[in-house]
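Heads up, the thing below is written out as C-alpha cells.
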Number of protein chains: 2
Amino acid sequence: MHVCVTCLAGEDRETVPRAGRRLHDALADAQRRQDGLSSFRIIEAECLSNCNRGCSVALSGPGRWSYVYGDLSQASVEDLLAGASRYAATEDGLVPWRERPTIFRKGVIARIPPAPKPV
Amino acid sequence: MHVCVTCLAGEDRETVPRAGRRLHDALADAQRRQDGLSSFRIIEAECLSNCNRGCSVALSGPGRWSYVYGDLSQASVEDLLAGASRYAATEDGLVPWRERPTIFRKGVIARIPPAPKPV
C-alpha cells in the first residue's frame with residue numbers, strides 16, 4: 001500500500017507534518033501494533049495525483065488490479081488495514097464488493113488492470 | 001494502454017456503441033494506420049472506476065508508474081497515441097512534464113508507483 005505523504009488534504013501548505021504524512025505514520029504505527037506478520041507493506045509515495053480528494057492511498061502488486069482511494073484521513077486507519085489485508089489475500093486484487101470497507105466503496109478514484117507484458 | 005469500453009461518458013445507457021467503445025475502436029484504427037511497429041498495445045478494459053470523468057484510459061507496464069487519464073473522447077486519439085508512445089519509451093513510466101500532451105496534464109485522475117514485490 002502506497003500512501004501519499006505529500007498530501008495537504010486542503011490544509012495550509014505550511015502545516016507540519018502534512019496530512020498525508022500523519023496518515024502514513026498512523027498506518028505504520030497501527031500495523032506495528034497488530035499481532036503476527038502483515039501480508040502487505042506500507043510505502044511512502046510522493047503525490048498520487050489525486051490532490052483534489054486526498055488523502056490518498058494506492059493498492060498494487062504484480063499481476064493484480066491496482067486501486068487508488070481518496071477522501072481518507074487518520075479516521076480511516078483501521079478500515080484501510082482491513083481492506084488492504086483482504087486485497088492482499090486475493091490472487092488478482094479483486095475483492096468482492098460486499099467485503100470492501102465503506103471507505104473503499106465510496107472513495108475509489110480509479111482502478112487499473114494488471115500491467116500488460118511489454119510488446 | 002487500457003481503454004474503458006464500458007464508459008458512457010454521460011450519454012444515455014442505451015447508446016450503442018458506447019462512448020468508451022467508440023474511443024477504443026478509433027484508437028485501434030489509428031494505431032493500425034500508423035507506419036511501423038507500435039511500442040504499446042491497446043487493450044479493452046471494463047470500468048476503470050472513473051465514471052464521473054470518462055472516457056478513461058490507463059497506462060501501465062511492469063516496473064513502471066501507472067497513470068489513469070479522464071475527460072477523453074475521440075478528439076483525443078492522436079494525442080493519446082503520441083503520449084502513450086512517449087510513456088512506452090521511458091524506463092519507469094515518468095515522462096517529463098513538458099513532453100506530456102495537454103490532455104495528460106489536465107486530465108490526470110491518479111497515478112500509482114511501480115507495484116511493490118509481494119511480502
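Residue numbering restarts at 1 for every chain of the C-alpha cells, chains are lettered A, B, ... in their displayed order, and ligands are numbered from 1 as they appear.
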Pull the strand (DSSP E) assignments for region 2-117 of chain A out of DSSP run on the backbone, and list those residues as a PyMOL selection string. chain A and resi 2-4+43-45+57-59+66-69+108-112
Under the rule of at most 10 Å, produce a per-residue listing of region 25-90 of chain B near region 60-81 of chain A: chain, number, name, the closest pair of atoms, and the distance in Å, as a tab-separated table, using only C-alpha atoms.
residue	atom	partner	partner_atom	distance
B:Leu48	CA	A:Tyr67	CA	9.2
B:Ser49	CA	A:Tyr67	CA	9.1
B:Pro62	CA	A:Pro62	CA	7.6
B:Gly63	CA	A:Pro62	CA	8.8
B:Ser66	CA	A:Ser66	CA	9.1
B:Val68	CA	A:Val68	CA	9.8
Restricting it to N, CA, C and O atoms, dump the selection as a compact mmCIF listing (two decimals), in the first residue's frame.
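Written file, part.txt:
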# COMPACT_ATOMS: atom_id res chain seq x y z
N LEU B 48 -12.86 1.48 -15.37
CA LEU B 48 -11.68 1.89 -14.63
C LEU B 48 -12.08 2.71 -13.39
O LEU B 48 -11.24 3.36 -12.78
N SER B 49 -13.36 2.64 -13.04
CA SER B 49 -13.88 3.34 -11.84
C SER B 49 -13.61 4.84 -11.87
O SER B 49 -13.36 5.46 -10.83
N PRO B 62 5.03 -3.43 -16.43
CA PRO B 62 5.79 -3.96 -15.30
C PRO B 62 6.90 -3.01 -14.86
O PRO B 62 7.65 -2.50 -15.70
N GLY B 63 7.00 -2.75 -13.57
CA GLY B 63 8.06 -1.92 -13.03
C GLY B 63 7.93 -0.44 -13.31
O GLY B 63 8.87 0.33 -13.13
N SER B 66 2.04 3.82 -13.08
CA SER B 66 0.81 3.72 -13.87
C SER B 66 0.05 5.03 -13.78
O SER B 66 0.09 5.70 -12.74
N VAL B 68 -3.83 7.00 -14.75
CA VAL B 68 -5.20 6.99 -15.26
C VAL B 68 -5.54 8.39 -15.74
O VAL B 68 -5.32 9.37 -15.01
What are the residues of chain A lining chain B at 10 Å or less? Count only C-alpha atoms, and put the answer as a PyMOL selection string. chain A and resi 1-2+4+37-52+56-64+66-70+88+108-119
Pull N, CA and C atoms from the residues just selected and write them as a compact mmCIF listing (two decimals), in the first residue's frame.
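Once written, out17.txt looks like this:
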# COMPACT_ATOMS: atom_id res chain seq x y z
N MET A 1 0.85 -1.19 0.00
CA MET A 1 0.00 0.00 0.00
C MET A 1 0.88 1.24 0.00
N HIS A 2 0.76 2.04 -1.08
CA HIS A 2 1.45 3.32 -1.13
C HIS A 2 0.58 4.40 -0.49
N CYS A 4 0.34 8.54 -0.01
CA CYS A 4 0.89 9.84 -0.43
C CYS A 4 1.23 10.65 0.80
N LEU A 37 2.54 -11.48 11.41
CA LEU A 37 3.16 -10.89 10.24
C LEU A 37 2.11 -10.24 9.36
N SER A 38 2.42 -9.09 8.82
CA SER A 38 1.47 -8.45 7.92
C SER A 38 1.63 -9.00 6.51
N SER A 39 0.54 -8.97 5.77
CA SER A 39 0.54 -9.52 4.41
C SER A 39 0.86 -8.46 3.36
N PHE A 40 1.12 -7.23 3.81
CA PHE A 40 1.41 -6.16 2.84
C PHE A 40 2.32 -5.13 3.48
N ARG A 41 3.00 -4.37 2.64
CA ARG A 41 3.88 -3.31 3.11
C ARG A 41 3.23 -1.95 2.96
N ILE A 42 3.56 -1.03 3.85
CA ILE A 42 3.12 0.36 3.76
C ILE A 42 4.32 1.17 3.29
N ILE A 43 4.16 1.84 2.15
CA ILE A 43 5.28 2.50 1.48
C ILE A 43 4.95 3.97 1.24
N GLU A 44 5.91 4.85 1.52
CA GLU A 44 5.71 6.27 1.26
C GLU A 44 5.73 6.56 -0.24
N ALA A 45 4.85 7.44 -0.69
CA ALA A 45 4.85 7.86 -2.10
C ALA A 45 4.74 9.37 -2.16
N GLU A 46 5.29 9.95 -3.20
CA GLU A 46 5.16 11.39 -3.41
C GLU A 46 4.11 11.66 -4.47
N CYS A 47 3.00 12.19 -4.08
CA CYS A 47 1.91 12.60 -4.96
C CYS A 47 1.38 11.47 -5.82
N LEU A 48 0.12 11.11 -5.57
CA LEU A 48 -0.59 10.14 -6.41
C LEU A 48 -1.52 10.88 -7.39
N SER A 49 -1.31 12.17 -7.55
CA SER A 49 -2.09 12.99 -8.50
C SER A 49 -3.59 12.93 -8.23
N ASN A 50 -3.93 12.83 -6.96
CA ASN A 50 -5.34 12.87 -6.57
C ASN A 50 -5.55 13.98 -5.55
N CYS A 51 -4.90 15.12 -5.81
CA CYS A 51 -4.82 16.19 -4.82
C CYS A 51 -6.19 16.75 -4.45
N ASN A 52 -7.18 16.67 -5.34
CA ASN A 52 -8.49 17.23 -5.05
C ASN A 52 -9.29 16.40 -4.05
N SER A 56 -4.73 10.17 -0.01
CA SER A 56 -4.83 9.09 -0.99
C SER A 56 -3.91 7.93 -0.64
N VAL A 57 -4.38 6.73 -0.98
CA VAL A 57 -3.50 5.56 -0.94
C VAL A 57 -3.74 4.77 -2.23
N ALA A 58 -2.77 3.92 -2.57
CA ALA A 58 -2.92 3.02 -3.72
C ALA A 58 -2.57 1.61 -3.29
N LEU A 59 -3.36 0.66 -3.76
CA LEU A 59 -3.06 -0.76 -3.55
C LEU A 59 -2.61 -1.34 -4.87
N SER A 60 -1.48 -2.05 -4.86
CA SER A 60 -0.98 -2.64 -6.10
C SER A 60 -0.09 -3.83 -5.77
N GLY A 61 0.17 -4.62 -6.79
CA GLY A 61 1.04 -5.77 -6.67
C GLY A 61 1.17 -6.42 -8.03
N PRO A 62 2.26 -7.15 -8.26
CA PRO A 62 2.48 -7.76 -9.58
C PRO A 62 1.30 -8.64 -10.01
N GLY A 63 0.83 -8.46 -11.24
CA GLY A 63 -0.24 -9.30 -11.77
C GLY A 63 -1.61 -9.01 -11.20
N ARG A 64 -1.78 -7.89 -10.50
CA ARG A 64 -3.05 -7.57 -9.85
C ARG A 64 -3.67 -6.29 -10.40
N SER A 66 -4.87 -2.68 -9.71
CA SER A 66 -4.45 -1.65 -8.76
C SER A 66 -5.63 -0.71 -8.50
N TYR A 67 -5.67 -0.17 -7.30
CA TYR A 67 -6.75 0.74 -6.91
C TYR A 67 -6.17 2.00 -6.27
N VAL A 68 -6.78 3.13 -6.58
CA VAL A 68 -6.46 4.37 -5.87
C VAL A 68 -7.70 4.79 -5.09
N TYR A 69 -7.51 5.09 -3.81
CA TYR A 69 -8.60 5.54 -2.96
C TYR A 69 -8.30 6.93 -2.43
N GLY A 70 -9.36 7.74 -2.30
CA GLY A 70 -9.21 9.10 -1.79
C GLY A 70 -10.17 9.38 -0.65
N ALA A 88 -4.73 -8.15 -0.22
CA ALA A 88 -3.51 -8.97 -0.28
C ALA A 88 -3.85 -10.46 -0.32
N VAL A 108 -13.32 5.23 -4.02
CA VAL A 108 -12.48 4.77 -5.14
C VAL A 108 -12.33 5.89 -6.16
N ILE A 109 -11.09 6.16 -6.53
CA ILE A 109 -10.79 7.20 -7.51
C ILE A 109 -10.61 6.60 -8.89
N ALA A 110 -9.93 5.48 -8.95
CA ALA A 110 -9.74 4.79 -10.23
C ALA A 110 -9.14 3.41 -9.94
N ARG A 111 -9.21 2.56 -10.94
CA ARG A 111 -8.54 1.26 -10.85
C ARG A 111 -7.88 0.97 -12.18
N ILE A 112 -6.86 0.13 -12.16
CA ILE A 112 -6.08 -0.17 -13.36
C ILE A 112 -5.91 -1.68 -13.44
N PRO A 113 -6.17 -2.25 -14.61
CA PRO A 113 -5.99 -3.71 -14.77
C PRO A 113 -4.53 -4.09 -14.57
N PRO A 114 -4.27 -5.39 -14.35
CA PRO A 114 -2.87 -5.86 -14.24
C PRO A 114 -2.05 -5.37 -15.43
N ALA A 115 -0.81 -5.00 -15.15
CA ALA A 115 0.04 -4.45 -16.22
C ALA A 115 0.24 -5.47 -17.32
N PRO A 116 0.06 -5.03 -18.57
CA PRO A 116 0.33 -5.94 -19.69
C PRO A 116 1.84 -6.17 -19.82
N LYS A 117 2.18 -7.30 -20.38
CA LYS A 117 3.60 -7.53 -20.65
C LYS A 117 4.03 -6.60 -21.79
N PRO A 118 5.31 -6.17 -21.79
CA PRO A 118 5.80 -5.26 -22.84
C PRO A 118 5.61 -5.90 -24.22
N VAL A 119 5.45 -5.05 -25.24
CA VAL A 119 5.32 -5.53 -26.62
C VAL A 119 6.60 -6.25 -27.02
To one decimal place, how far is CA of Asp92 (chain B) from CA of Phe104 (chain B) in Å?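 Here the two named atoms are 16.7 Å from each other.
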Work out how far apart CA of Pro96 (chain B) and CA of Pro17 (chain A) are and give it in Å to one decimal.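 So the answer is 28.4 Å.
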Using only C-alpha atoms for the distances, tell me which of B:Cys55, B:Leu27, B:Arg33, B:Trp97 is nearest to Glu11 (chain B).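 Distance minimum relative to Glu11 (chain B) lands on B:Cys55.
The two atoms in question, CA of Leu94 (chain B) and CA of Gly83 (chain A), are spaced 28.7 Å apart.
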